[in-house]
Every structure is written in structure tokens, then in C-alpha cells.
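*Asks:* This is the structure I want to talk about, given as C-alpha cells.
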Amino acid sequence: MQSIRVLDLCTDERAFASYLLAHFGADVVAIEPPGGVTARSTPDVFDAYWRGKTSRVIDRTTPDGIAELEAWIAQADVVIDPHTPLEGANVGMTPARVAELNPRAIHVSITPFGAVGPKTEWPATDLTVWASSGAHALAGDNDRAPVRTSVPQSFLHAAGDAAGAVLIALYEREQSGLGQHIDVSTQSSSAQAALSGIIARANGSSMQIERIAGGLAGAIPVRLTWPCADGYIAITFLFGPAFTDPNARLMQWLLDEGAVTAEEAATDWGDAIATMITSGQSPEPYYEICAKIEAFTKPRTQYELFEEGLARGIYIAPTIDVRGVLDEAHFRARDYWHSLNVDGRSIDVPGAFAKMSRTPIVPPGPAPTLGNEGRTPSASSARVTAAAPPSAAPLAGLKVLDFMWVIAGPFFTRVLSDYGADVIKVESSTRLEPARGAPTFKDDFPGVEHGIPFQNFNAGKRSMTIDPSNPAGREIILDLVRWADVVTESFSPKAMKSWGLDYDTLKAVNPKLVMVSSCLMGQTGPRAQVPGYGNMAAAIAGFYDLTGWPDRSPAGPYLAYTDGVAPRFMLVALLEALAHARRTGEGQHIDLSQAEAAIHFLAPAIVDYGRTGHVAHRLGNRDASMCPHGVYPTAGDDEWIAIACDSETAWRTLAQTMGLDAGLDLDARRSREVAIDDEIGEYTKNITAATLTQTLIEQGVPAHPVQNSAACLADEHLAARQHFVEVEHSSLGEILVENTRTRMSRTPGTPRRAAPELGEHSVEILTEILGYDEEKIANALASLAIS
């Protein structure tokens with residue numbers, strides 16, 4: 001991307017979008033007002049996400065400043081701004097004006113609620129947007145308010161989506177010569193962290209997903225964390241056929257140590273827990289076995305459990321803090337950390353989020369001094385002409401052979417499908433994709449076609465069942481590799497190699513192939529073989545320690561948090577590799593560790609530790625720079641409102657509304673934060689969240705109800721943005737899924753159909769793509785290569 005110029009007008013974490021582009025060598029110019037962007041007052045955020053950029057100071061309140069900014073826009077490839085429609089109109093940054101200045105520009109607006117819908121101009125902060133997303137309601141202890149992660153996350157989700165959308169739009173621009181506007185709603189992007197939990201009820205599931213610290217609660221509370229001698233350990237002990245074997249390995253370990261009986265060790269807990277949930281049986285046996293697991297973990301250290309657990313193939317990870325993340329030997333062995341000079345000292349910051357075999361990512365340098373960009377924009381008349389009419393779909397013609405499964409990988413490849421790629425999902429009829437058997441279920445029927453998360457992750461794809469361990473099946477896969485532009489997979493590092501389908505083998509078949517391999521810890525390093533899911537990556541990357549209450553165990557973000565984070569990094573890495581392939585004809589292999597990618601979402605805490613030695617920990621819903629800042633009870637059962645005073649004006653307004661002491665400054669409020677929170681809670685508890693939100697929003701105070709699944713489905717703003725769409729399933733009828741996360745003005749993306757039935761398109765693919773005749777198909781069926 002060395003030839004791509006990006007103008008970034010963002011003032012907060014939304015600058016993460018251009019930060020990602022800077023990793024690929026984009027020329028990013030941060031446009032700052034006199035005195036600098038507000039993020040300069042929070043140096044940990046600025047030093048984390050302004051890396052690799054230059055700074056140009058422009059006073060946009062003057063005619064000369066406006067003229068200069070427009071000159072920059074006229075020769076830019078990408079313009080990223082944080083303005084709502086009204087704000088944009090007030091400062092001359094409307095999509096129409098940007099397009100007039102430069103028809104080739106990709107113009108991205110990253111706002112709390114997007115450019116369409118009744119909430120577009122609502123005042124908002126990370127806390128209030130997170131509350132609106134459906135993810136906030138799912139994290140925390142069920143006897144307290146829902147909690148956010150103490151390093152703000154919402155705008156990072158949106159900025160990650162924005163970066164991917166920019167690269168999709170640039171891909172399309174190579175054909176059409178035209179730019180377009182991209183509307184990114186932070187609410188819609190943050191909803192990805194709910195991992196499809198917000199569409200359960202609309203698809204006939206009666207299972208209410210509730211929060212429980214370090215786990216999840218539905219029919220029974222399921223634990224994912226246990227105390228140990230020096231902290232907490234995450235163990236994935238879950239239900240369904242995908243967990244039968246790992247649960248058995250855990251039970252054997254406990255039996256070897258005398259912690260359970262032989263009968264308990266012989267129980268298929270994956271099936272037993274599922275039966276308790278679906279049949280209404282007493283969950284007491286599950287509670288008893290959890291108590292025995294706790295008795296086993298409590299006297300042992302995190303790493304004692306981690307090392308032995310890994311040797312036994314247990315799904316296990318320590319819930320380490322920021323310092324522990326920096327000390328973890330695996331990241332050091334993979335040369336992950338990047339040394340950066342900040343305030344005259346060398347500190348370690350997150351490095352390359354993926355290892356790319358032909359175009360290695362060069363981690364960007366330090367954040368810029370104010371106004372260090374000395375260039376003036378040059379005239380560029382060549383940039384204002386269109387080369388061809390627009391494409392119907394930006395990724396039309398892209399061919400993807402998809403071995404991804406469960407959550408993270410399928411989220412990523414669904415974006416490709418939404419924007420026009422032909423994605424063929426390779427499955428096994430004997431070893432089912434785990435998400436097919438994971439709740440919640442359409443109409444409460446636990447069938448392989450009824451998994452609602454599976455439907456959401458895989459809408460728009462085609463499915464083919466192939467046995468890669470079968471020689472005839474492997475030959476079919478190699479024929480599909482010859483057809484494909486991209487192969488994606490998320491198995492442990494040894495799986496594809498064991499089938500003879502590793503990158504070197506596939507490259508010999510198709511030299512232009514781009515292959516994306518994503519697993520928890522990456523393809524190399526001492527933890528490369530760590531099995532498991534995104535809850536474990538979230539634990540070892542530091543998210544669990546940073547989510548919850550200071551006086552309680554880590555709550556962790558909901559379920560497999562990094563499964564909702566990592567897809568953004570997969571998308572930008574793939575699109576950069578495809579750009580290289582189009583220029584050179586050369587494919588490459590991308591090794592992406594979920595944990596390493598997700599650590600970028602905690603970069604401010606990493607920078608803070610490097611600069612000051614301070615180790616950030618969970619703060620409940622409190623914030624380092626705002627007070628009050630919390631989630632308070634409202635009228636109703638488990639109903640809450642998020643309120644954040646992001647200015648002295650907001651505080652005075654809130655105080656006058658609730659009868660508080662409006663004269664308290666920030667330091668004074670901090671000194672009596674507990675008392676103020678109690679006073680606010682007393683005021684809010686008898687008012688509905690909707691009523692109080694409307695009052696505060698009209699007065700300019702950021703606030704939002706904490707929305708669960710039902711509230712998200714009833715949210716008029718999400719409806720106006722068509723966040724939920726109905727797609728037709730081959731046998732189940734209409735399924736409600738979430739729409740694609742970003743809105744493009746010329747070439748919009750959307751799921752074209754429901755997720756496929758198992759093997760639904762096998763014969764179609766053999767016939768239409770591979771050109772097999774009836775005899776060859778019959779031989780494939782007879783050999784059990786396909787089923």
C-alpha cells in the first residue's frame with residue numbers, strides 16, 4: 001500500500017483504522033487542529049494508535065484551512081472521518097462534497113450509530129455504544145451490573161471493520177476507477193462481540209443467554225474459569241459432540257490425580273451437559289463435577305496447570321494480566337513484540353498481527369510530533385476521472401476454498417461472501433463442524449441444520465462434504481485448489497500437513513494461491529499446538545483480567561471474545577496479499593494468531609505499562625478519564641442504563657437532573673465516586689431505561705439502555721439500518737441473520753442466501769466447477785471421498 005495516501009481526521013480510538021493500514025505501508029497523514037487531537041491528552045491511546053503516521057495541523061475554522069484540507073482530499077485515496085451527518089455538514093465533510101472534490105476517494109465515516117437511523121446524532125461514548133450492542137449485557141456477574149472491558153473496545157471493532165471495508169473498496173476501484181462512501185456504525189460493529197447471541201429469540205429459541213462471571217448462563221450456568229493458587233485458569237469444559245474428547249482428556253487428568261471417581265471420569269460430559277440443558281434434568285451432577293475441578297485447580301499455579309494441561313491436550317489457558325502477556329514465552333519466541341522509543345525510553349508494543357510469507361508486515365514507527373508533516377498537497381487531476389462503470393459486487397469473481405470452522409474464521413469468510421466472493425465451505429459428514437451442534441437452535445430443535453450461530457456465521461456460502469484423509473477426497477480438494485484464489489483454514493498447525501494439504505504442497509498445485517491459516521497461537525512457537533477456542537485466546541491475551549469487578553474473579557468478555565476480534569485482521573491481511581498477487585502473480589501464506597491480533601485491542605494498556613510500569617486491571621465500568629461512568633439499575637428485571645459524563649457540561653446537566661452537587665470538579669467526583677454511583681443508582685432504579693435515556697440524550701448526556709437480545713431486536717435504529725435481514729434456508733424457511741457490518745454507497749454487501757445444509761452443494765460443485773462427469777462423481781461417492 002506504499003502508493004496509497006490516507007487522510008485521518010479521527011480524534012480517538014477510531015484512528016485504529018488507519019493504524020492498521022499503516023502496517024502495510026500506507027502513507028497516513030493525521031489531520032489535527034491547532035493544539036492537536038484530543039487523543040494527545042491520553043498519551044497511551046495516542047502512542048498506541050497514531051504509530052506510523054505523520055501530522056498536519058490545519059485550522060478548519062478558517063477559509064485558508066478549509067481550502068488546504070480540500071486540497072489534501074482532492075489527492076487522497078482514502079479519507080477517514082468521525083463526523084456524524086450533522087457534524088459533517090457543519091464542517092463541509094459530507095460524502096457529496098468529498099466525492100465532488102475527488103470521485104476516486106474512498107471516504108469512510110466511523111460514527112457511534114452510523115449515518116442512517118434515529119440515533120445518528122446521539123451523544124455517545126465507548127460505554128454507551130457498547131451498552132447498545134448486545135455484547136455488554138452478556139458480560140459480568142448476574143448479581144451485579146453488566147461490565148465492559150476496562151480498555152475501551154467499541155470503536156476498535158468499528159475501526160477494524162472500516163479498515164477491511166477500505167481494502168474491499170480499493171479492490172473494487174481497480175476495476176471501476178471510482179471511490180465511494182462507507183458508513184460504519186460502531187453499534188453494529190460491536191454487536192459482533194455478542195457472537196450471534198442477539199438473534200436467538202427471533203429464530204424461535206427460548207434459551208435466554210445470560211451473564212455469569214467467567215462463563216455463560218442459559219438453561220444452566222456454565223463455568224469457563226476456575227481459581228488457582230496465583231490467579232485464575234480458563235478451562236473449556238462445554239457441551240456437545242465437539243467437546244466429548246477434550247472433556248474426556250480433562251476427566252482422565254483429574255482421575256490420574258485422584259480428583260474424581262472412575263465413574264465420573266467415564267461419563268461423556270459433553271453429552272451429559274447437553275442432555276441436562278435440553279431435557280430439563282437436574283444440573284446438580286454438573287455443579288458437583290465443577291466443584292471437583294475447582295478443588296483440583298485451587299492449590300496449583302496457573303502455569304503448573306497450563307503446562308501439564310497442554311501436554312495432555314486440555315483446552316486450558318491462564319487468565320494473565322498485561323505484564324504476564326509481555327512475559328509469555330510464546331510471543332517472545334515468535335518475535336511478536338516491536339521495540340519503540342516513547343518518551344526517551346524503549347518499550348515493547350504489539351508488533352506484526354500476521355506473519356506474511358512474501359510481504360512481511362513492518363510494524364509502524366512512533367506516533368508523530370504535532371505538525372511534523374511538512375508537505376503541501378500537490379495537484380492531481382488524474383485522480384478525478386473514472387475508468388469504468390462500477391461492479392455489482394466488489395469481490396465478484398474471487399474464489400475461496402474455506403476450511404474455517406466454529407466462529408472466527410467463518411465470520412471472516414462470511415464478509416468475503418457478503419461482498420460477492422464465491423465461498424465453498426469444506427465440511428466433514430462424520431466430524432461435524434462444532435458450530436452446527438452449538439446452541440442456540442432454530443425453534444429449539446438441536447439439529448445439525450438448526451444452529452443459529454452457524455446460520456449467522458455462514459450465510460451466503462456453499463457447502464461440500466469431503467474427507468481429506470481419503471486419497472480420493474484429497475485429489476478432489478487439489479482440483480478445487482487449482483480453481484481457488486484463496487484457501488482458508490483454522491485447524492491446529494499439524495492438521496493440514498497431516499492431510500498433505502499444507503501451503504507448500506498447495507502452492508505447487510497453484511502458485512498464485514493465497515492461504516490464510518488462523519489458530520489461537522499461530523503456526524510456530526512453543527504454544528503453537530494449543531487447542532481450543534477464543535475464550536482461551538482472550539484469557540492468555542489479557543482480556544479476562546481486564547473485564548470484571550476488582551473485588552471478584554475475572555468475568556471475561558462474553559464467551560470466545562477474540563473470535564469476534566480476529567476476523568478483522570484476517571480480512572485486511574488477505575486483501576493486502578490479494579493486492580500483491582494481482583500486481584505480481586505471486587501468492588503467499590498468512591499465519592495469523594488470534595491472540596497476537598487481539599492484543600492490538602489492548603495496546604494502550606501495553607503502552608501504559610511500558611511507559612510507567614502500571615499494570616492495568618479490571619475496573620468494573622469505571623473509566624480512567626470520566627466520572628461518573630457506570631451502569632445503573634432501572635425499573636424492571638435485570639434492566640440497566642449506561643451513563644457517561646464525558647465533559648463538565650454533561651456532569652452539570654446530569655447533576656441538575658438528579659439533584660446532585662453540580663459544583664464538584666473531576667477530582668472531587670473521583671474522591672467520592674462510590675457515593676455518587678450510589679446516588680445515581682437510587683435515582684435511576686424506579687425509572688425505565690428508555691424514559692431516562694431519552695431525557696438524558698435530549699440534554700446532551702451520553703446514555704443508553706444496556707440491550708439484551710430482545711431489546712436489540714426491538715431497536716428502531718438497528719431496524720432502520722437493516723442490521724437484521726431474513727434469508728431463505730433450503731429446508732428451514734426464513735432465518736434471521738445479521739447483515740454485513742459496513743454499508744458501501746455504490747457496491748453494498750449483504751448475505752445472498754442462508755447458510756448451506758451439510759454437503760448441500762457437493763454435486764453442484766463437482767459438476768459446475770470441476771466439470772466431473774457422472775462416472776467420476778459416482779467413483780467419488782463410492783470411495784466415500786464425498787458424502
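Ligands are numbered from 1 in the order shown, chains are lettered A, B, ... in the order of the C-alpha cells, and residues start at 1 in each chain.
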Applying 8 Å and only C-alpha atoms, which residues near stretch 347-351 of chain A remain after dropping the ones on its own chain fewer than 3 positions away? List them as a ChimeraX atom specification.
*Replies:* /A:48,336-342,363,596,599-600,603,606-607,610-611
*Asks:* Any idea what's packed within 10 Å of stretch 488-491 of chain A, counting only C-alpha atoms, ignoring anything in its chain fewer than 4 positions away? Could you give it as a ChimeraX atom specification?
*Replies:* /A:400-410,412-413,425-426,495-496,514-520,522-523,529,531-532,570,574,589-590,592-593
*Asks:* Filtering to N, CA and C atoms, could you give me those residues as a compact mmCIF listing (two decimals), in the first residue's frame?
*Replies:*
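Done, and the output landed in out.txt:
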```txt
# COMPACT_ATOMS: atom_id res chain seq x y z
N VAL A 400 -12.98 -18.80 -3.18
CA VAL A 400 -12.45 -19.12 -1.86
C VAL A 400 -12.81 -20.55 -1.48
N LEU A 401 -11.80 -21.32 -1.14
CA LEU A 401 -11.99 -22.68 -0.61
C LEU A 401 -11.79 -22.58 0.90
N ASP A 402 -12.86 -22.82 1.65
CA ASP A 402 -12.93 -22.43 3.05
C ASP A 402 -12.97 -23.65 3.97
N PHE A 403 -11.86 -23.87 4.70
CA PHE A 403 -11.81 -24.92 5.71
C PHE A 403 -12.03 -24.35 7.12
N MET A 404 -12.39 -23.09 7.23
CA MET A 404 -12.60 -22.47 8.53
C MET A 404 -13.79 -23.12 9.24
N TRP A 405 -13.72 -23.12 10.59
CA TRP A 405 -14.87 -23.63 11.32
C TRP A 405 -15.05 -22.90 12.64
N VAL A 406 -16.17 -23.15 13.27
CA VAL A 406 -16.63 -22.58 14.55
C VAL A 406 -16.99 -21.10 14.37
N ILE A 407 -16.15 -20.13 14.83
CA ILE A 407 -16.62 -18.74 14.85
C ILE A 407 -15.71 -17.80 14.07
N ALA A 408 -14.46 -17.65 14.50
CA ALA A 408 -13.61 -16.58 13.97
C ALA A 408 -13.44 -16.68 12.45
N GLY A 409 -12.99 -17.83 11.97
CA GLY A 409 -12.78 -17.98 10.54
C GLY A 409 -14.04 -17.82 9.73
N PRO A 410 -15.15 -18.47 10.13
CA PRO A 410 -16.39 -18.28 9.39
C PRO A 410 -16.90 -16.84 9.38
N PHE A 412 -15.01 -14.26 9.22
CA PHE A 412 -14.14 -13.63 8.22
C PHE A 412 -14.59 -13.98 6.81
N THR A 413 -14.77 -15.27 6.53
CA THR A 413 -15.12 -15.66 5.16
C THR A 413 -16.55 -15.25 4.81
N LYS A 425 -17.52 -23.89 1.45
CA LYS A 425 -17.18 -24.37 2.79
C LYS A 425 -16.98 -25.88 2.74
N VAL A 426 -15.78 -26.32 3.08
CA VAL A 426 -15.45 -27.75 3.08
C VAL A 426 -15.76 -28.31 4.46
N ALA A 495 -2.74 -30.17 11.40
CA ALA A 495 -3.84 -30.85 10.71
C ALA A 495 -3.67 -30.85 9.19
N MET A 496 -3.50 -29.68 8.59
CA MET A 496 -3.40 -29.62 7.14
C MET A 496 -2.17 -30.38 6.64
N VAL A 514 -3.29 -17.70 -2.36
CA VAL A 514 -3.10 -17.07 -1.05
C VAL A 514 -3.79 -17.97 -0.03
N MET A 515 -3.04 -18.37 0.99
CA MET A 515 -3.60 -19.24 2.02
C MET A 515 -3.55 -18.53 3.37
N VAL A 516 -4.68 -18.54 4.06
CA VAL A 516 -4.78 -17.95 5.40
C VAL A 516 -4.93 -19.07 6.41
N SER A 517 -3.97 -19.16 7.33
CA SER A 517 -4.05 -20.13 8.43
C SER A 517 -4.19 -19.35 9.73
N SER A 518 -5.29 -19.60 10.41
CA SER A 518 -5.53 -18.89 11.66
C SER A 518 -5.86 -19.89 12.76
N CYS A 519 -5.12 -19.81 13.85
CA CYS A 519 -5.43 -20.61 15.03
C CYS A 519 -5.15 -19.76 16.26
N LEU A 520 -5.31 -20.31 17.44
CA LEU A 520 -5.20 -19.50 18.65
C LEU A 520 -3.86 -18.81 18.78
N GLY A 522 -0.96 -19.29 16.55
CA GLY A 522 -0.10 -19.21 15.38
C GLY A 522 0.50 -20.55 15.00
N GLN A 523 1.17 -20.57 13.86
CA GLN A 523 1.68 -21.82 13.28
C GLN A 523 3.02 -22.27 13.88
N GLN A 529 0.68 -25.57 19.37
CA GLN A 529 -0.27 -26.68 19.37
C GLN A 529 -1.38 -26.51 20.40
N PRO A 531 -4.70 -26.28 21.75
CA PRO A 531 -6.00 -26.46 21.13
C PRO A 531 -7.04 -25.59 21.83
N GLY A 532 -8.19 -25.40 21.19
CA GLY A 532 -9.25 -24.71 21.91
C GLY A 532 -9.89 -23.60 21.13
N MET A 570 -7.81 -10.87 9.86
CA MET A 570 -7.74 -11.83 8.76
C MET A 570 -8.11 -11.15 7.45
N LEU A 574 -5.59 -10.68 4.24
CA LEU A 574 -5.90 -11.35 2.98
C LEU A 574 -5.97 -10.34 1.84
N HIS A 589 1.57 -17.27 2.02
CA HIS A 589 0.93 -17.88 3.18
C HIS A 589 0.83 -16.85 4.30
N ILE A 590 -0.33 -16.78 4.93
CA ILE A 590 -0.57 -15.86 6.05
C ILE A 590 -0.79 -16.68 7.31
N LEU A 592 -1.79 -16.26 11.02
CA LEU A 592 -2.39 -15.29 11.92
C LEU A 592 -2.79 -15.95 13.23
N SER A 593 -2.18 -15.47 14.30
CA SER A 593 -2.52 -15.92 15.65
C SER A 593 -3.65 -15.05 16.19
```
*Asks:* Can you pull out the residues contacting A:Asp418? Cut-off 8 Å, using only C-alpha atoms, and skip same-chain residues under 6 positions away; I want them as a count of residues only.
*Replies:* 6
*Asks:* Just the residues within 6 Å of A:Ile31, please, counting only C-alpha atoms, with nothing from its chain fewer than 3 positions along; format it as a list in words.
*Replies:*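 My list of contacting residues is Asp8, Leu9, Arg56 and Val57 of chain A.
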*Asks:* Given the selection you just returned, output its residues as a file containing C-alpha atoms, formatted as a compact mmCIF listing (two decimals), in the first residue's frame.
*Replies:*
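After the write, part-v7.txt holds the following:
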```txt
# COMPACT_ATOMS: atom_id res chain seq x y z
CA ASP A 8 -7.22 10.50 9.02
CA LEU A 9 -9.36 13.09 10.80
CA ARG A 56 -0.54 18.00 9.56
CA VAL A 57 -2.03 20.88 11.52
```
*Asks:* Which of these, A:Ile643, A:Met207, A:Leu178, A:Met1, has the shortest distance to A:Ile697 once you count only C-alpha atoms?
*Replies:*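 That would be A:Ile643, the residue with the smallest distance to A:Ile697.
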*Asks:* For atom CA of A:Phe237 and atom CA of A:Val222, quote the distance in Å rounded to one decimal.
*Replies:*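 So the answer is 8.3 Å.
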*Asks:* To one decimal place in Å, what is the distance between atom CA of A:Val79 and atom CA of A:Asp59?
*Replies:*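 Between atom CA of A:Val79 and atom CA of A:Asp59 the gap works out to 17.4 Å.
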*Asks:* Could you give me, as a tab-separated table, a per-residue list for stretch 158-254 of chain A showing, wherever an atom lies at most 9 Å from an atom of stretch 264-275 of chain A, the closest pair of atoms and their distance in Å to one decimal, using only C-alpha atoms and sorting by chain then residue number from low to high?
*Replies:*
```
residue	atom	partner	partner_atom	distance
A:Ile220	CA	A:Ile273	CA	9.0
A:Phe237	CA	A:Gly270	CA	7.9
A:Leu238	CA	A:Gly270	CA	6.0
A:Phe239	CA	A:Gly270	CA	3.9
A:Gly240	CA	A:Gly270	CA	4.9
A:Pro241	CA	A:Gly270	CA	6.2
A:Ala242	CA	A:Gly270	CA	7.8
A:Phe243	CA	A:Gly270	CA	5.5
A:Thr244	CA	A:Gly270	CA	4.9
A:Asp245	CA	A:Gly270	CA	8.5
A:Asn247	CA	A:Trp269	CA	6.6
A:Ala248	CA	A:Ala265	CA	7.0
A:Arg249	CA	A:Ala265	CA	8.9
A:Leu250	CA	A:Ala265	CA	8.5
A:Met251	CA	A:Ala265	CA	4.7
A:Gln252	CA	A:Ala265	CA	6.0
A:Trp253	CA	A:Ala265	CA	8.9
A:Leu254	CA	A:Ala265	CA	7.7
```
*Asks:* Would you mind exporting N, CA, C and O atoms of the selected residues as a PDB file, in the first residue's frame?
*Replies:*
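Once everything was written out, this is out29.pdb:
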```pdb
ATOM      1  N   ILE A 220     -28.592 -23.705  32.242  1.00  0.00           N
ATOM      2  CA  ILE A 220     -27.781 -23.851  33.456  1.00  0.00           C
ATOM      3  C   ILE A 220     -26.550 -22.953  33.307  1.00  0.00           C
ATOM      4  O   ILE A 220     -26.095 -22.696  32.195  1.00  0.00           O
ATOM      5  N   PHE A 237     -14.774 -26.461  29.303  1.00  0.00           N
ATOM      6  CA  PHE A 237     -15.485 -27.694  29.682  1.00  0.00           C
ATOM      7  C   PHE A 237     -16.938 -27.474  29.280  1.00  0.00           C
ATOM      8  O   PHE A 237     -17.753 -26.960  30.043  1.00  0.00           O
ATOM      9  N   LEU A 238     -17.257 -27.839  28.035  1.00  0.00           N
ATOM     10  CA  LEU A 238     -18.540 -27.459  27.457  1.00  0.00           C
ATOM     11  C   LEU A 238     -19.291 -28.672  26.928  1.00  0.00           C
ATOM     12  O   LEU A 238     -18.820 -29.814  26.997  1.00  0.00           O
ATOM     13  N   PHE A 239     -20.464 -28.410  26.410  1.00  0.00           N
ATOM     14  CA  PHE A 239     -21.382 -29.454  25.990  1.00  0.00           C
ATOM     15  C   PHE A 239     -21.384 -29.605  24.482  1.00  0.00           C
ATOM     16  O   PHE A 239     -20.958 -28.718  23.744  1.00  0.00           O
ATOM     17  N   GLY A 240     -21.891 -30.746  24.027  1.00  0.00           N
ATOM     18  CA  GLY A 240     -21.989 -31.019  22.606  1.00  0.00           C
ATOM     19  C   GLY A 240     -20.912 -31.981  22.142  1.00  0.00           C
ATOM     20  O   GLY A 240     -19.892 -32.178  22.822  1.00  0.00           O
ATOM     21  N   PRO A 241     -21.098 -32.609  20.977  1.00  0.00           N
ATOM     22  CA  PRO A 241     -20.158 -33.631  20.495  1.00  0.00           C
ATOM     23  C   PRO A 241     -18.748 -33.127  20.273  1.00  0.00           C
ATOM     24  O   PRO A 241     -17.793 -33.904  20.382  1.00  0.00           O
ATOM     25  N   ALA A 242     -18.577 -31.833  19.983  1.00  0.00           N
ATOM     26  CA  ALA A 242     -17.232 -31.306  19.742  1.00  0.00           C
ATOM     27  C   ALA A 242     -16.369 -31.350  20.993  1.00  0.00           C
ATOM     28  O   ALA A 242     -15.138 -31.299  20.902  1.00  0.00           O
ATOM     29  N   PHE A 243     -17.011 -31.460  22.160  1.00  0.00           N
ATOM     30  CA  PHE A 243     -16.256 -31.412  23.407  1.00  0.00           C
ATOM     31  C   PHE A 243     -16.153 -32.771  24.095  1.00  0.00           C
ATOM     32  O   PHE A 243     -15.604 -32.875  25.191  1.00  0.00           O
ATOM     33  N   THR A 244     -16.660 -33.801  23.460  1.00  0.00           N
ATOM     34  CA  THR A 244     -16.595 -35.128  24.068  1.00  0.00           C
ATOM     35  C   THR A 244     -15.154 -35.540  24.344  1.00  0.00           C
ATOM     36  O   THR A 244     -14.809 -35.948  25.462  1.00  0.00           O
ATOM     37  N   ASP A 245     -14.281 -35.443  23.356  1.00  0.00           N
ATOM     38  CA  ASP A 245     -12.893 -35.880  23.532  1.00  0.00           C
ATOM     39  C   ASP A 245     -12.100 -34.974  24.474  1.00  0.00           C
ATOM     40  O   ASP A 245     -11.428 -35.476  25.385  1.00  0.00           O
ATOM     41  N   ASN A 247     -13.195 -33.075  26.855  1.00  0.00           N
ATOM     42  CA  ASN A 247     -13.716 -33.286  28.203  1.00  0.00           C
ATOM     43  C   ASN A 247     -13.184 -34.596  28.785  1.00  0.00           C
ATOM     44  O   ASN A 247     -12.861 -34.673  29.978  1.00  0.00           O
ATOM     45  N   ALA A 248     -13.107 -35.636  27.941  1.00  0.00           N
ATOM     46  CA  ALA A 248     -12.596 -36.927  28.407  1.00  0.00           C
ATOM     47  C   ALA A 248     -11.135 -36.809  28.834  1.00  0.00           C
ATOM     48  O   ALA A 248     -10.712 -37.422  29.833  1.00  0.00           O
ATOM     49  N   ARG A 249     -10.351 -36.035  28.092  1.00  0.00           N
ATOM     50  CA  ARG A 249      -8.942 -35.851  28.481  1.00  0.00           C
ATOM     51  C   ARG A 249      -8.837 -35.113  29.810  1.00  0.00           C
ATOM     52  O   ARG A 249      -7.983 -35.423  30.640  1.00  0.00           O
ATOM     53  N   LEU A 250      -9.701 -34.136  30.023  1.00  0.00           N
ATOM     54  CA  LEU A 250      -9.707 -33.425  31.301  1.00  0.00           C
ATOM     55  C   LEU A 250     -10.060 -34.379  32.435  1.00  0.00           C
ATOM     56  O   LEU A 250      -9.409 -34.383  33.492  1.00  0.00           O
ATOM     57  N   MET A 251     -11.085 -35.202  32.230  1.00  0.00           N
ATOM     58  CA  MET A 251     -11.500 -36.144  33.277  1.00  0.00           C
ATOM     59  C   MET A 251     -10.404 -37.167  33.576  1.00  0.00           C
ATOM     60  O   MET A 251     -10.193 -37.545  34.731  1.00  0.00           O
ATOM     61  N   GLN A 252      -9.679 -37.603  32.547  1.00  0.00           N
ATOM     62  CA  GLN A 252      -8.602 -38.561  32.775  1.00  0.00           C
ATOM     63  C   GLN A 252      -7.504 -37.940  33.627  1.00  0.00           C
ATOM     64  O   GLN A 252      -6.934 -38.586  34.517  1.00  0.00           O
ATOM     65  N   TRP A 253      -7.209 -36.674  33.366  1.00  0.00           N
ATOM     66  CA  TRP A 253      -6.219 -35.950  34.169  1.00  0.00           C
ATOM     67  C   TRP A 253      -6.668 -35.892  35.635  1.00  0.00           C
ATOM     68  O   TRP A 253      -5.904 -36.192  36.553  1.00  0.00           O
ATOM     69  N   LEU A 254      -7.925 -35.544  35.852  1.00  0.00           N
ATOM     70  CA  LEU A 254      -8.440 -35.459  37.220  1.00  0.00           C
ATOM     71  C   LEU A 254      -8.442 -36.839  37.878  1.00  0.00           C
ATOM     72  O   LEU A 254      -8.155 -36.959  39.084  1.00  0.00           O
TER      73      LEU A 254
END
```
*Asks:* Residues within 12 Å of A:Pro554, please, as a PyMOL selection string. Count only C-alpha atoms; anything in the same chain fewer than 2 positions from it doesn't count.
*Replies:* chain A and resi 139-141+147-150+212-215+223-227+231-234+318-321+538-539+542-552+556-558+617-620
*Asks:* Counting only C-alpha atoms, which residues in stretch 58-174 of chain A sit no more than 12 Å from stretch 190-204 of chain A? For each one, give the nearest pair of atoms and the distance in Å, sorted by chain then residue number, as CSV.
*Replies:*
```
residue,atom,partner,partner_atom,distance
A:Thr111,CA,A:Ser190,CA,12.0
A:Pro112,CA,A:Ser190,CA,10.0
A:Phe113,CA,A:Ser190,CA,10.5
A:Asp126,CA,A:Ser190,CA,10.0
A:Leu127,CA,A:Ser190,CA,11.2
A:Thr128,CA,A:Ser190,CA,11.3
A:Val129,CA,A:Ser190,CA,8.0
A:Trp130,CA,A:Ser190,CA,6.6
A:Ala131,CA,A:Ser190,CA,9.5
A:Ser132,CA,A:Ala191,CA,8.3
A:Ser133,CA,A:Ala191,CA,4.6
A:Gly134,CA,A:Ala191,CA,5.9
A:Ala135,CA,A:Ala194,CA,4.4
A:His136,CA,A:Ala194,CA,8.1
A:Ala137,CA,A:Ala194,CA,8.9
A:Leu138,CA,A:Ala194,CA,7.5
A:Ala139,CA,A:Ala194,CA,9.6
A:Arg148,CA,A:Ala193,CA,11.5
A:Thr149,CA,A:Ala193,CA,11.7
A:Pro152,CA,A:Ser190,CA,11.4
A:Gln153,CA,A:Ser190,CA,8.2
A:Ser154,CA,A:Ser190,CA,5.5
A:Phe155,CA,A:Ser190,CA,7.9
A:Leu156,CA,A:Ser190,CA,8.6
A:His157,CA,A:Ser190,CA,5.7
A:Ala158,CA,A:Ser190,CA,6.8
A:Ala159,CA,A:Ser190,CA,10.3
A:Gly160,CA,A:Ser190,CA,10.4
A:Asp161,CA,A:Ser190,CA,9.8
```
